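Peer 1: I am attaching a structure below and will ask some questions about it afterwards.
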Amino acid sequence: MKEIILNENVTVYRPEVADKQALKNVYDILNKINQRVHKDEYFYTPEQIEELKKDPRNVWL
């Protein structure tokens, strides 16, 4: 895990190799930030995911 200190209030922890869990953590953080402002989520519905999986241009972790 790499630690990047941006300023006295922000420290970023970045994994050496991105994986499914790292991506989930990013989305969890984005959802927490978004819910403070918009009260909605960025995750796709199961139906939307099934449609996205049909497109060969999408890469799934």
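Following the order of the structure tokens, chains are lettered A, B, ..., residues in each are numbered from 1, and ligands are numbered from 1.
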Going by DSSP on the backbone, which bits of chain A are helix (DSSP H, G or I)? Write them as an NGL selection string, please.
Peer 2: :A and (20-37 or 46-53)
Peer 1: Using only C-alpha atoms, what does the table of segment 24-49 of chain A residues within 12 Å of segment 14-20 of chain A look like, with each row giving the shortest atom pair and its distance in Å to one decimal, sorted by chain and ascending number, as a tab-separated table?
Peer 2:
```
residue	atom	partner	partner_atom	distance
A:Lys24	CA	A:Lys20	CA	6.2
A:Asn25	CA	A:Lys20	CA	8.7
A:Val26	CA	A:Lys20	CA	10.0
A:Tyr27	CA	A:Lys20	CA	10.7
```
Peer 1: Using the selection just defined, write its residues with C-alpha atoms as a PDB file, in the first residue's frame.
Peer 2:
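Here's the written file again11.pdb:
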```
ATOM      1  CA  LYS A  24     -15.195  -1.363  -4.330  1.00  0.00           C
ATOM      2  CA  ASN A  25     -13.503   0.809  -1.703  1.00  0.00           C
ATOM      3  CA  VAL A  26     -13.346   3.732  -4.129  1.00  0.00           C
ATOM      4  CA  TYR A  27     -17.049   3.400  -4.952  1.00  0.00           C
TER       5      TYR A  27
END
```
Peer 1: Which value, in Å to one decimal, gives the distance between atom CA of Val12 of chain A and atom CA of Val37 of chain A?
Peer 2: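 Spanning atom CA of Val12 of chain A to atom CA of Val37 of chain A is a straight-line distance of 22.0 Å.
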Peer 1: Residues of chain A in strand (DSSP E) according to DSSP, as a ChimeraX atom specification?
Peer 2: /A:2-5,11-14
